[in-house]
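S.K.: Got a structure for you, written out below as structure tokens; questions coming shortly.
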Amino acid sequence: MLESMSTRRVGVRLRALCVGAALCSAACAVATDADSPARDGCCDRCGGAAHVSPMCVKTLTEKEVTKVCWGYRSEEVCIPGPSIFCGTRHHRDDCGCWTCWLWKPTCAEIITKRVPVKKEVTRKIPAVEWKVEERCCACRHATTSSVGASDRDDAQEP
């Protein structure tokens with residue numbers, strides 16, 4: 001019984017490892033887009049060729065987002081009051097006989113109604129774009145130390 005439970009645990013761990021590897025390879029496939037430069041073995045930052053390996057580099061950009069806002073405008077409208085029934089009138093035409101009711105209006109009231117108005121506002125918000133670039137050991141170290149410092153600076157801003 002103990003061997004079957006440990007075998008199950010190993011199977012679960014292997015499945016989790018395979019799923020993790022599949023997700024990692026999918027993320028790498030998404031990160032390397034068609035417009036990225038071809039891998040030539042040289043650092044994309046300084047051009048050096050010593051100990052070059054790919055790394056993710058962030059680029060701060062702005063993204064345009066369209067937001068829908070609702071407002072209103074005021075419009076004056078006449079609302080008729082009660083009318084007095086005056087009778088009926090009988091008519092005859094090619095379609096036959098018909099009757100209409102005759103009403104006499106008494107008064108009306110002005111009200112202000114609010115009509116909804118849709119507004120679309122385009123905003124520019126900060127965004128981060130990730131790219132895979134080849135960096136040498138010195139540039140990788142410089143990038144990671146400056147990224148940590150810039151992240152601390154960003155965190156301090158209100």
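Residues are referred to by chain and number: the chain letter is A, B, ... according to the order shown in the structure tokens, the number counts from 1 in that chain, and ligands are numbered separately from 1 in the order shown.
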Leaving out range 131-135 of chain A and any residue of its chain fewer than 5 positions from it, which residues lie within 7 Å of it when counting only C-alpha atoms, given as JSON, numbers by chain?

M.R.: {"A": [31, 32, 42, 43, 44, 45, 52, 53, 54, 55, 56, 57, 58, 140]}

S.K.: Could you name the residues that touch Arg114 in chain A at 6 Å or less, counting only C-alpha atoms, but leaving out those on the same chain fewer than 6 positions away, as an mmCIF file with N, CA and C atoms, in the first residue's frame?

M.R.:
data_model
loop_
_atom_site.group_PDB
_atom_site.id
_atom_site.type_symbol
_atom_site.label_atom_id
_atom_site.label_comp_id
_atom_site.auth_asym_id
_atom_site.auth_seq_id
_atom_site.Cartn_x
_atom_site.Cartn_y
_atom_site.Cartn_z
ATOM 1 N N TYR A 72 -24.993 63.374 -18.916
ATOM 2 C CA TYR A 72 -26.364 63.628 -19.338
ATOM 3 C C TYR A 72 -26.493 65.075 -19.789
ATOM 4 N N ARG A 73 -27.525 65.313 -20.567
ATOM 5 C CA ARG A 73 -27.882 66.677 -20.947
ATOM 6 C C ARG A 73 -29.343 66.883 -20.572
ATOM 7 N N SER A 74 -29.690 68.098 -20.249
ATOM 8 C CA SER A 74 -31.064 68.404 -19.849
ATOM 9 C C SER A 74 -31.879 68.801 -21.073
#
